[in-house]
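Undergrad: Just dropping this structure here.
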Amino acid sequence: MVMLRPKRQTSSTVTVTAPIGGWNAVNQLASMSPNEAVIIDNWFCLPTELQSRKGYTLWCEGVTGNIESFITYDGQDGQISMFAVADDAGSCSIWDVTDYGATPTEVITSLTNARWHFGQVSTSGGTFTLAVNGSDYLMLYDGTNWYTVTDVSTPYAITGVDTDKLIDVLVHHRRAWFVEKDSMRGWYLDTDSIAGAATAYDFAPLFINGGSIARIDTWTLDAGYGMDDYFIVITTAGEIAVFSGTNPASADTWQLNGVYYAGSPVGRNCTIKYGGDVLMLNKDGLVPLSQWLMSSRVNIKTSITNKIQQRITDATTAYADNYGWQVVLNPPNNMLFVNVPISTTEFQQYVMNTISGAWSRFTGVNATCWTFIDNLLYFGQCGKVYKFWDG
């Protein structure tokens, strides 16, 4: 009988790179880059390494109800104020949550809606925050006092429109613009004004697919001769009108540049300024308007969410009607993310490193709404405000 000697065991060393390329939900596993991952939860992709997701610390507690939006104030004198708007079983209030560790103060009561949008106007008379929600009268904050603004209120009044029908606000070229709820009408004030007569602008003849105005924003492009600020109107049906100029009352200083179709937006917090560009969230992903309006809609590779396209499509399809969709930018940490409302109590964030473009996902941060002020990022939950990326 021949005895066979056992073979000597051999081994080799294989270097596995960290998945700094981030989340890939598009390619098959066999065709993925070695530095990408099928699942990458609670990591943040830096250009050269992975960073474990940081936590959050309690900023303040004692708000009654679920916080659904923030209103902030950044004054010319350096004053920073932060307010949380909460819904307590249909009874809504605005709370001062500016100071760390302090018990929040209820400053406005008896509201019917906690989902507010705001804009800030700076004039020779000071800095003012204008806030609207489509149900309650417009609120104005001057750094010290809150005022309810109607057509007969003092010391500030806005005439020509019912201010409780205004649902969005934007300051464009030193002029306050508003959106009338469930309509195609915008309203604007005189330059550098916070009150006075509001003038209507009917956008309905421009759009062929119906719906109403979902969002207005400012889009900045460099056309080669300097910086141009465009006024954009986004409808619930996914059409976008782009205007240039400063005075909508004059054809010499106000021009329609084009009307485009980009797909229905997701939520009312569907845009965010990104450098000079505007990012818009719809079911095709998160898209820079500078690329989208210069490309075919079917080319989803213009979306910066291209690598996670299937996941974001699944989420926007399944949870489109849930409240809490928001695009959030955290510049000090080179972080951009989409807040995804899975349910009223469960949220996720799809997170991108703005330097490398790599995506990951955060779980366990159940934030209903976010705000970035004074270089810090905060979020709201039921009764509490937290500072994020801390601890």
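Following the order of the structure tokens, first chain is A, next is B, and so on, with residues numbered from 1 inside each chain and ligands from 1 in the order they appear.
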Which residues, written as a ChimeraX atom specification, have at least one atom at most 7 Å from Asp229 in chain A, with only C-alpha atoms counted and residues fewer than 2 positions away on the same chain left out?

TA: /A:218-221,227,231,244

Undergrad: Within 12 Å of His172 in chain A, counting only C-alpha atoms, which residues qualify if same-chain residues fewer than 2 places away don't, as JSON, numbers by chain?

TA: {"A": [119, 120, 121, 122, 169, 170, 174, 175, 176, 177, 178, 188, 189, 190, 191, 192, 193, 216, 217, 218, 219, 220, 228, 229, 230, 231, 232, 243, 244, 245, 246, 247, 248]}

Undergrad: Could you dump the residues just selected with N, CA and C atoms as an mmCIF file, in the first residue's frame?

TA:
```cif
data_model
loop_
_atom_site.group_PDB
_atom_site.id
_atom_site.type_symbol
_atom_site.label_atom_id
_atom_site.label_comp_id
_atom_site.auth_asym_id
_atom_site.auth_seq_id
_atom_site.Cartn_x
_atom_site.Cartn_y
_atom_site.Cartn_z
ATOM 1 N N GLY A 119 -39.093 82.725 4.898
ATOM 2 C CA GLY A 119 -38.053 83.453 4.181
ATOM 3 C C GLY A 119 -37.633 84.647 5.008
ATOM 4 N N GLN A 120 -36.447 85.170 4.743
ATOM 5 C CA GLN A 120 -35.925 86.268 5.550
ATOM 6 C C GLN A 120 -35.640 87.471 4.665
ATOM 7 N N VAL A 121 -36.130 88.633 5.094
ATOM 8 C CA VAL A 121 -35.946 89.891 4.368
ATOM 9 C C VAL A 121 -35.116 90.831 5.228
ATOM 10 N N SER A 122 -34.067 91.393 4.638
ATOM 11 C CA SER A 122 -33.251 92.393 5.326
ATOM 12 C C SER A 122 -33.421 93.729 4.622
ATOM 13 N N VAL A 169 -42.924 80.771 0.590
ATOM 14 C CA VAL A 169 -42.391 82.126 0.552
ATOM 15 C C VAL A 169 -40.942 82.062 0.098
ATOM 16 N N LEU A 170 -40.550 83.059 -0.685
ATOM 17 C CA LEU A 170 -39.188 83.155 -1.207
ATOM 18 C C LEU A 170 -38.829 84.622 -1.337
ATOM 19 N N ARG A 174 -34.451 90.811 -3.677
ATOM 20 C CA ARG A 174 -34.909 91.757 -2.654
ATOM 21 C C ARG A 174 -36.422 91.928 -2.644
ATOM 22 N N ARG A 175 -37.136 90.946 -3.195
ATOM 23 C CA ARG A 175 -38.585 91.022 -3.246
ATOM 24 C C ARG A 175 -39.181 89.740 -2.649
ATOM 25 N N ALA A 176 -40.157 89.888 -1.752
ATOM 26 C CA ALA A 176 -40.819 88.731 -1.156
ATOM 27 C C ALA A 176 -41.894 88.210 -2.100
ATOM 28 N N TRP A 177 -41.806 86.905 -2.420
ATOM 29 C CA TRP A 177 -42.792 86.210 -3.237
ATOM 30 C C TRP A 177 -43.520 85.184 -2.372
ATOM 31 N N PHE A 178 -44.795 84.940 -2.696
ATOM 32 C CA PHE A 178 -45.584 83.952 -1.982
ATOM 33 C C PHE A 178 -46.308 83.061 -2.989
ATOM 34 N N TYR A 188 -46.522 88.918 -4.973
ATOM 35 C CA TYR A 188 -45.253 89.544 -4.622
ATOM 36 C C TYR A 188 -45.484 90.938 -4.038
ATOM 37 N N LEU A 189 -44.532 91.334 -3.197
ATOM 38 C CA LEU A 189 -44.538 92.666 -2.590
ATOM 39 C C LEU A 189 -43.553 93.563 -3.321
ATOM 40 N N ASP A 190 -43.588 94.836 -2.987
ATOM 41 C CA ASP A 190 -42.611 95.759 -3.544
ATOM 42 C C ASP A 190 -41.209 95.400 -3.059
ATOM 43 N N THR A 191 -40.203 95.881 -3.753
ATOM 44 C CA THR A 191 -38.810 95.634 -3.379
ATOM 45 C C THR A 191 -38.543 96.144 -1.966
ATOM 46 N N ASP A 192 -37.823 95.326 -1.191
ATOM 47 C CA ASP A 192 -37.419 95.674 0.180
ATOM 48 C C ASP A 192 -38.621 95.923 1.095
ATOM 49 N N SER A 193 -39.739 95.274 0.800
ATOM 50 C CA SER A 193 -40.934 95.470 1.629
ATOM 51 C C SER A 193 -41.270 94.188 2.380
ATOM 52 N N ILE A 216 -41.371 77.424 -5.126
ATOM 53 C CA ILE A 216 -40.657 78.456 -5.859
ATOM 54 C C ILE A 216 -39.259 78.553 -5.265
ATOM 55 N N ASP A 217 -38.282 78.907 -6.120
ATOM 56 C CA ASP A 217 -36.905 78.957 -5.644
ATOM 57 C C ASP A 217 -36.082 79.861 -6.552
ATOM 58 N N THR A 218 -34.858 80.133 -6.136
ATOM 59 C CA THR A 218 -33.910 80.914 -6.914
ATOM 60 C C THR A 218 -32.828 79.998 -7.439
ATOM 61 N N TRP A 219 -32.543 80.114 -8.728
ATOM 62 C CA TRP A 219 -31.547 79.279 -9.391
ATOM 63 C C TRP A 219 -30.485 80.194 -9.993
ATOM 64 N N THR A 220 -29.244 79.989 -9.609
ATOM 65 C CA THR A 220 -28.154 80.847 -10.047
ATOM 66 C C THR A 220 -27.294 80.128 -11.067
ATOM 67 N N ASP A 228 -26.304 85.150 -12.955
ATOM 68 C CA ASP A 228 -27.712 85.447 -13.197
ATOM 69 C C ASP A 228 -28.560 84.640 -12.224
ATOM 70 N N ASP A 229 -29.462 85.331 -11.544
ATOM 71 C CA ASP A 229 -30.395 84.668 -10.642
ATOM 72 C C ASP A 229 -31.727 84.494 -11.354
ATOM 73 N N TYR A 230 -32.138 83.241 -11.507
ATOM 74 C CA TYR A 230 -33.400 82.932 -12.168
ATOM 75 C C TYR A 230 -34.454 82.580 -11.124
ATOM 76 N N PHE A 231 -35.669 82.940 -11.427
ATOM 77 C CA PHE A 231 -36.816 82.621 -10.584
ATOM 78 C C PHE A 231 -37.474 81.380 -11.176
ATOM 79 N N ILE A 232 -37.608 80.320 -10.362
ATOM 80 C CA ILE A 232 -38.184 79.083 -10.881
ATOM 81 C C ILE A 232 -39.474 78.749 -10.143
ATOM 82 N N PHE A 243 -37.763 82.046 -15.060
ATOM 83 C CA PHE A 243 -37.844 83.460 -15.397
ATOM 84 C C PHE A 243 -36.528 84.159 -15.056
ATOM 85 N N SER A 244 -36.226 85.208 -15.815
ATOM 86 C CA SER A 244 -35.119 86.086 -15.481
ATOM 87 C C SER A 244 -35.648 87.505 -15.333
ATOM 88 N N GLY A 245 -34.911 88.330 -14.607
ATOM 89 C CA GLY A 245 -35.339 89.702 -14.401
ATOM 90 C C GLY A 245 -35.649 89.987 -12.952
ATOM 91 N N THR A 246 -36.045 91.224 -12.684
ATOM 92 C CA THR A 246 -36.233 91.667 -11.308
ATOM 93 C C THR A 246 -37.633 92.168 -11.004
ATOM 94 N N ASN A 247 -38.298 92.739 -12.013
ATOM 95 C CA ASN A 247 -39.604 93.355 -11.764
ATOM 96 C C ASN A 247 -40.674 92.667 -12.604
ATOM 97 N N PRO A 248 -41.506 91.836 -12.012
ATOM 98 C CA PRO A 248 -42.526 91.111 -12.785
ATOM 99 C C PRO A 248 -43.621 92.007 -13.345
#
```

Undergrad: Using only C-alpha atoms for the distances, tell me which of A:Leu329, A:Leu111, A:Leu289, A:Cys369 is nearest to Phe347 in chain A.

TA: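 Ranking A:Leu329, A:Leu111, A:Leu289, A:Cys369 by distance to Phe347 in chain A, first place goes to A:Cys369.
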
Undergrad: Quick one: everything within 10 Å of range 331-345 of chain A, counting only C-alpha atoms, minus sequence neighbours fewer than 6 positions away in the same chain. Send it as a ChimeraX atom specification.

TA: /A:44-46,66,270,274,281,286,312,315-316,318-325,351-357,359-362,365-370,372,375-377,381-382,389

Undergrad: Gly134 in chain A: which residues within 9 Å, counting only C-alpha atoms, same-chain residues fewer than 6 positions away excluded, as a list in words?

TA: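 Skipping anything fewer than 6 positions along the chain leaves Asn113, Arg115, Trp116, Thr163, Asp164, Lys165, Leu166, Ile167, Asp168, Val179, Glu180 and Lys181 of chain A.
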
Undergrad: May I have the residues from that selection written out with all heavy atoms, as a compact mmCIF listing (two decimals), in the first residue's frame?

TA:
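Saved to part28.txt:
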```
# COMPACT_ATOMS: atom_id res chain seq x y z
N ASN A 113 -51.87 74.40 11.94
CA ASN A 113 -50.95 73.67 11.08
C ASN A 113 -49.52 73.90 11.57
O ASN A 113 -49.15 75.04 11.87
CB ASN A 113 -51.11 74.15 9.63
CG ASN A 113 -50.37 73.29 8.63
OD1 ASN A 113 -49.29 72.79 8.90
ND2 ASN A 113 -50.97 73.12 7.46
N ARG A 115 -46.75 72.87 9.76
CA ARG A 115 -45.84 72.68 8.63
C ARG A 115 -45.63 74.01 7.91
O ARG A 115 -46.34 74.36 6.98
CB ARG A 115 -46.40 71.61 7.69
CG ARG A 115 -46.60 70.29 8.42
CD ARG A 115 -47.32 69.24 7.59
NE ARG A 115 -47.52 68.02 8.37
CZ ARG A 115 -48.11 66.93 7.92
NH1 ARG A 115 -48.55 66.87 6.66
NH2 ARG A 115 -48.25 65.87 8.70
N TRP A 116 -44.61 74.74 8.38
CA TRP A 116 -44.38 76.11 7.95
C TRP A 116 -43.19 76.22 6.99
O TRP A 116 -42.25 75.42 7.06
CB TRP A 116 -44.14 77.01 9.16
CG TRP A 116 -45.38 77.23 9.99
CD1 TRP A 116 -45.98 76.34 10.82
CD2 TRP A 116 -46.16 78.42 10.05
NE1 TRP A 116 -47.09 76.90 11.40
CE2 TRP A 116 -47.23 78.18 10.94
CE3 TRP A 116 -46.05 79.67 9.45
CZ2 TRP A 116 -48.18 79.14 11.24
CZ3 TRP A 116 -47.01 80.64 9.75
CH2 TRP A 116 -48.06 80.38 10.63
N THR A 163 -53.76 86.16 3.70
CA THR A 163 -52.46 85.61 4.04
C THR A 163 -52.53 84.21 4.62
O THR A 163 -51.52 83.52 4.69
CB THR A 163 -51.70 86.53 5.02
OG1 THR A 163 -52.39 86.56 6.28
CG2 THR A 163 -51.56 87.93 4.46
N ASP A 164 -53.74 83.77 5.01
CA ASP A 164 -53.86 82.39 5.50
C ASP A 164 -53.96 81.39 4.35
O ASP A 164 -54.04 80.18 4.59
CB ASP A 164 -55.06 82.24 6.44
CG ASP A 164 -56.37 82.64 5.80
OD1 ASP A 164 -56.35 83.31 4.74
OD2 ASP A 164 -57.44 82.28 6.34
N LYS A 165 -53.92 81.87 3.11
CA LYS A 165 -53.90 80.99 1.95
C LYS A 165 -52.50 80.85 1.34
O LYS A 165 -52.33 80.16 0.33
CB LYS A 165 -54.88 81.50 0.88
CG LYS A 165 -56.34 81.46 1.31
CD LYS A 165 -57.25 81.97 0.20
CE LYS A 165 -58.70 81.92 0.63
NZ LYS A 165 -59.61 82.44 -0.44
N LEU A 166 -51.53 81.51 1.94
CA LEU A 166 -50.17 81.48 1.41
C LEU A 166 -49.42 80.29 2.00
O LEU A 166 -49.42 80.09 3.21
CB LEU A 166 -49.45 82.78 1.73
CG LEU A 166 -50.15 84.06 1.23
CD1 LEU A 166 -49.36 85.29 1.63
CD2 LEU A 166 -50.34 84.01 -0.28
N ILE A 167 -48.76 79.50 1.14
CA ILE A 167 -48.17 78.25 1.59
C ILE A 167 -46.67 78.16 1.36
O ILE A 167 -46.01 77.27 1.87
CB ILE A 167 -48.88 77.06 0.93
CG1 ILE A 167 -48.62 75.76 1.71
CG2 ILE A 167 -48.49 76.93 -0.55
CD1 ILE A 167 -49.52 74.62 1.33
N ASP A 168 -46.09 79.06 0.57
CA ASP A 168 -44.64 79.07 0.36
C ASP A 168 -44.20 80.52 0.23
O ASP A 168 -44.97 81.39 -0.19
CB ASP A 168 -44.26 78.27 -0.89
CG ASP A 168 -42.78 77.89 -0.92
OD1 ASP A 168 -42.10 78.06 0.11
OD2 ASP A 168 -42.29 77.44 -1.97
N VAL A 179 -46.69 81.86 -2.54
CA VAL A 179 -47.50 80.94 -3.34
C VAL A 179 -48.84 80.79 -2.67
O VAL A 179 -48.93 80.55 -1.45
CB VAL A 179 -46.82 79.56 -3.46
CG1 VAL A 179 -47.76 78.54 -4.09
CG2 VAL A 179 -45.53 79.67 -4.27
N GLU A 180 -49.91 80.93 -3.45
CA GLU A 180 -51.25 80.71 -2.93
C GLU A 180 -51.56 79.22 -2.98
O GLU A 180 -51.37 78.56 -4.01
CB GLU A 180 -52.27 81.49 -3.76
CG GLU A 180 -53.68 81.40 -3.22
CD GLU A 180 -54.66 82.22 -4.04
OE1 GLU A 180 -54.23 83.22 -4.66
OE2 GLU A 180 -55.85 81.86 -4.07
N LYS A 181 -52.06 78.69 -1.89
CA LYS A 181 -52.31 77.26 -1.75
C LYS A 181 -53.29 76.75 -2.81
O LYS A 181 -54.28 77.41 -3.13
CB LYS A 181 -52.87 76.98 -0.35
CG LYS A 181 -53.13 75.51 -0.04
CD LYS A 181 -53.67 75.36 1.38
CE LYS A 181 -53.96 73.91 1.72
NZ LYS A 181 -54.50 73.77 3.08
```

Undergrad: Looking only at the backbone, which of the residues in range 220-269 of chain A does DSSP tag as strand (DSSP E or B), as a PyMOL selection string?

TA: chain A and resi 220-222+227-235+239-245+254-261+265

Undergrad: Quick one, how far is CA of Ala262 in chain A from CA of Thr305 in chain A?

TA: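 Between CA of Ala262 in chain A and CA of Thr305 in chain A the gap works out to 15.2 Å.
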
Undergrad: Give me, please, the distance in Å between CA of Phe379 in chain A and CA of Lys307 in chain A, quoted to one decimal.

TA: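 Computing it gives 26.5 Å between the two atoms.
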
Undergrad: At what distance in Å, to one decimal, does CA of Ile20 in chain A lie from CA of Glu36 in chain A?

TA: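 These two atoms are separated by 6.6 Å.
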
Undergrad: Nearest to Thr103 in chain A among A:Val16, A:Val259, A:Leu140, A:Leu58, with distances taken over only C-alpha atoms: which residue is it?

TA: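 Comparing A:Val16, A:Val259, A:Leu140, A:Leu58 against Thr103 in chain A, the winner is A:Leu58.
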
Undergrad: List the neighbours of Thr313 in chain A out to 7 Å using only C-alpha atoms; skip same-chain residues closer than 2 positions along the sequence, and give me the result as a PyMOL selection string.

TA: chain A and resi 283-285+309-311+315-317

Undergrad: Enumerate the residues of range 206-385 of chain A with a DSSP assignment of helix (DSSP H, G or I), computed from the backbone, and present them as a list in words.

TA: Leu206, Leu289, Ser290, Gln291, Trp292, Ile300, Lys301, Thr302, Asn306, Lys307, Ile308, Gln309, Gln310, Arg311, Ile312, Thr313, Asp314, Ala315, Thr316, Thr317, Ala318, Pro331, Pro332 and Asn333 of chain A

Undergrad: Would you export the selected residues with N, CA and C atoms as an mmCIF file, in the first residue's frame, please?

TA:
```cif
data_model
loop_
_atom_site.group_PDB
_atom_site.id
_atom_site.type_symbol
_atom_site.label_atom_id
_atom_site.label_comp_id
_atom_site.auth_asym_id
_atom_site.auth_seq_id
_atom_site.Cartn_x
_atom_site.Cartn_y
_atom_site.Cartn_z
ATOM 1 N N LEU A 206 -49.009 79.105 -18.404
ATOM 2 C CA LEU A 206 -47.720 78.558 -18.818
ATOM 3 C C LEU A 206 -47.675 77.043 -18.762
ATOM 4 N N LEU A 289 -30.678 71.118 -11.378
ATOM 5 C CA LEU A 289 -31.447 71.700 -12.470
ATOM 6 C C LEU A 289 -30.552 72.116 -13.630
ATOM 7 N N SER A 290 -29.310 72.477 -13.351
ATOM 8 C CA SER A 290 -28.403 72.883 -14.424
ATOM 9 C C SER A 290 -28.171 71.751 -15.411
ATOM 10 N N GLN A 291 -28.240 70.502 -14.954
ATOM 11 C CA GLN A 291 -28.089 69.356 -15.845
ATOM 12 C C GLN A 291 -29.443 68.880 -16.376
ATOM 13 N N TRP A 292 -30.454 68.909 -15.499
ATOM 14 C CA TRP A 292 -31.747 68.359 -15.875
ATOM 15 C C TRP A 292 -32.382 69.136 -17.022
ATOM 16 N N ILE A 300 -31.475 59.360 -16.674
ATOM 17 C CA ILE A 300 -31.421 59.454 -15.210
ATOM 18 C C ILE A 300 -29.996 59.561 -14.695
ATOM 19 N N LYS A 301 -28.997 59.408 -15.569
ATOM 20 C CA LYS A 301 -27.612 59.542 -15.117
ATOM 21 C C LYS A 301 -27.260 60.983 -14.791
ATOM 22 N N THR A 302 -28.131 61.921 -15.152
ATOM 23 C CA THR A 302 -27.920 63.293 -14.715
ATOM 24 C C THR A 302 -28.219 63.442 -13.230
ATOM 25 N N ASN A 306 -27.768 58.574 -8.910
ATOM 26 C CA ASN A 306 -27.726 57.501 -9.900
ATOM 27 C C ASN A 306 -27.322 56.166 -9.297
ATOM 28 N N LYS A 307 -26.347 56.159 -8.383
ATOM 29 C CA LYS A 307 -25.844 54.910 -7.794
ATOM 30 C C LYS A 307 -26.871 54.230 -6.894
ATOM 31 N N ILE A 308 -27.837 54.986 -6.397
ATOM 32 C CA ILE A 308 -28.861 54.393 -5.527
ATOM 33 C C ILE A 308 -30.237 54.575 -6.149
ATOM 34 N N GLN A 309 -30.274 54.642 -7.470
ATOM 35 C CA GLN A 309 -31.509 54.971 -8.171
ATOM 36 C C GLN A 309 -32.676 54.055 -7.794
ATOM 37 N N GLN A 310 -32.431 52.751 -7.762
ATOM 38 C CA GLN A 310 -33.521 51.823 -7.472
ATOM 39 C C GLN A 310 -34.051 52.014 -6.060
ATOM 40 N N ARG A 311 -33.161 52.259 -5.104
ATOM 41 C CA ARG A 311 -33.598 52.441 -3.717
ATOM 42 C C ARG A 311 -34.417 53.719 -3.550
ATOM 43 N N ILE A 312 -33.964 54.783 -4.194
ATOM 44 C CA ILE A 312 -34.698 56.042 -4.022
ATOM 45 C C ILE A 312 -36.012 56.007 -4.779
ATOM 46 N N THR A 313 -36.056 55.280 -5.892
ATOM 47 C CA THR A 313 -37.320 55.106 -6.617
ATOM 48 C C THR A 313 -38.297 54.296 -5.782
ATOM 49 N N ASP A 314 -37.803 53.220 -5.168
ATOM 50 C CA ASP A 314 -38.653 52.416 -4.289
ATOM 51 C C ASP A 314 -39.221 53.262 -3.148
ATOM 52 N N ALA A 315 -38.350 54.098 -2.546
ATOM 53 C CA ALA A 315 -38.769 54.897 -1.392
ATOM 54 C C ALA A 315 -39.781 55.972 -1.796
ATOM 55 N N THR A 316 -39.515 56.667 -2.903
ATOM 56 C CA THR A 316 -40.431 57.730 -3.308
ATOM 57 C C THR A 316 -41.767 57.171 -3.781
ATOM 58 N N THR A 317 -41.763 55.929 -4.233
ATOM 59 C CA THR A 317 -43.020 55.287 -4.627
ATOM 60 C C THR A 317 -43.818 54.832 -3.405
ATOM 61 N N ALA A 318 -43.122 54.205 -2.451
ATOM 62 C CA ALA A 318 -43.810 53.634 -1.289
ATOM 63 C C ALA A 318 -44.215 54.690 -0.261
ATOM 64 N N PRO A 331 -22.865 71.675 5.111
ATOM 65 C CA PRO A 331 -21.597 72.044 4.470
ATOM 66 C C PRO A 331 -20.336 71.774 5.288
ATOM 67 N N PRO A 332 -20.311 72.038 6.609
ATOM 68 C CA PRO A 332 -19.057 71.814 7.335
ATOM 69 C C PRO A 332 -18.554 70.377 7.281
ATOM 70 N N ASN A 333 -19.466 69.430 7.064
ATOM 71 C CA ASN A 333 -19.077 68.021 7.011
ATOM 72 C C ASN A 333 -19.182 67.438 5.599
#
```
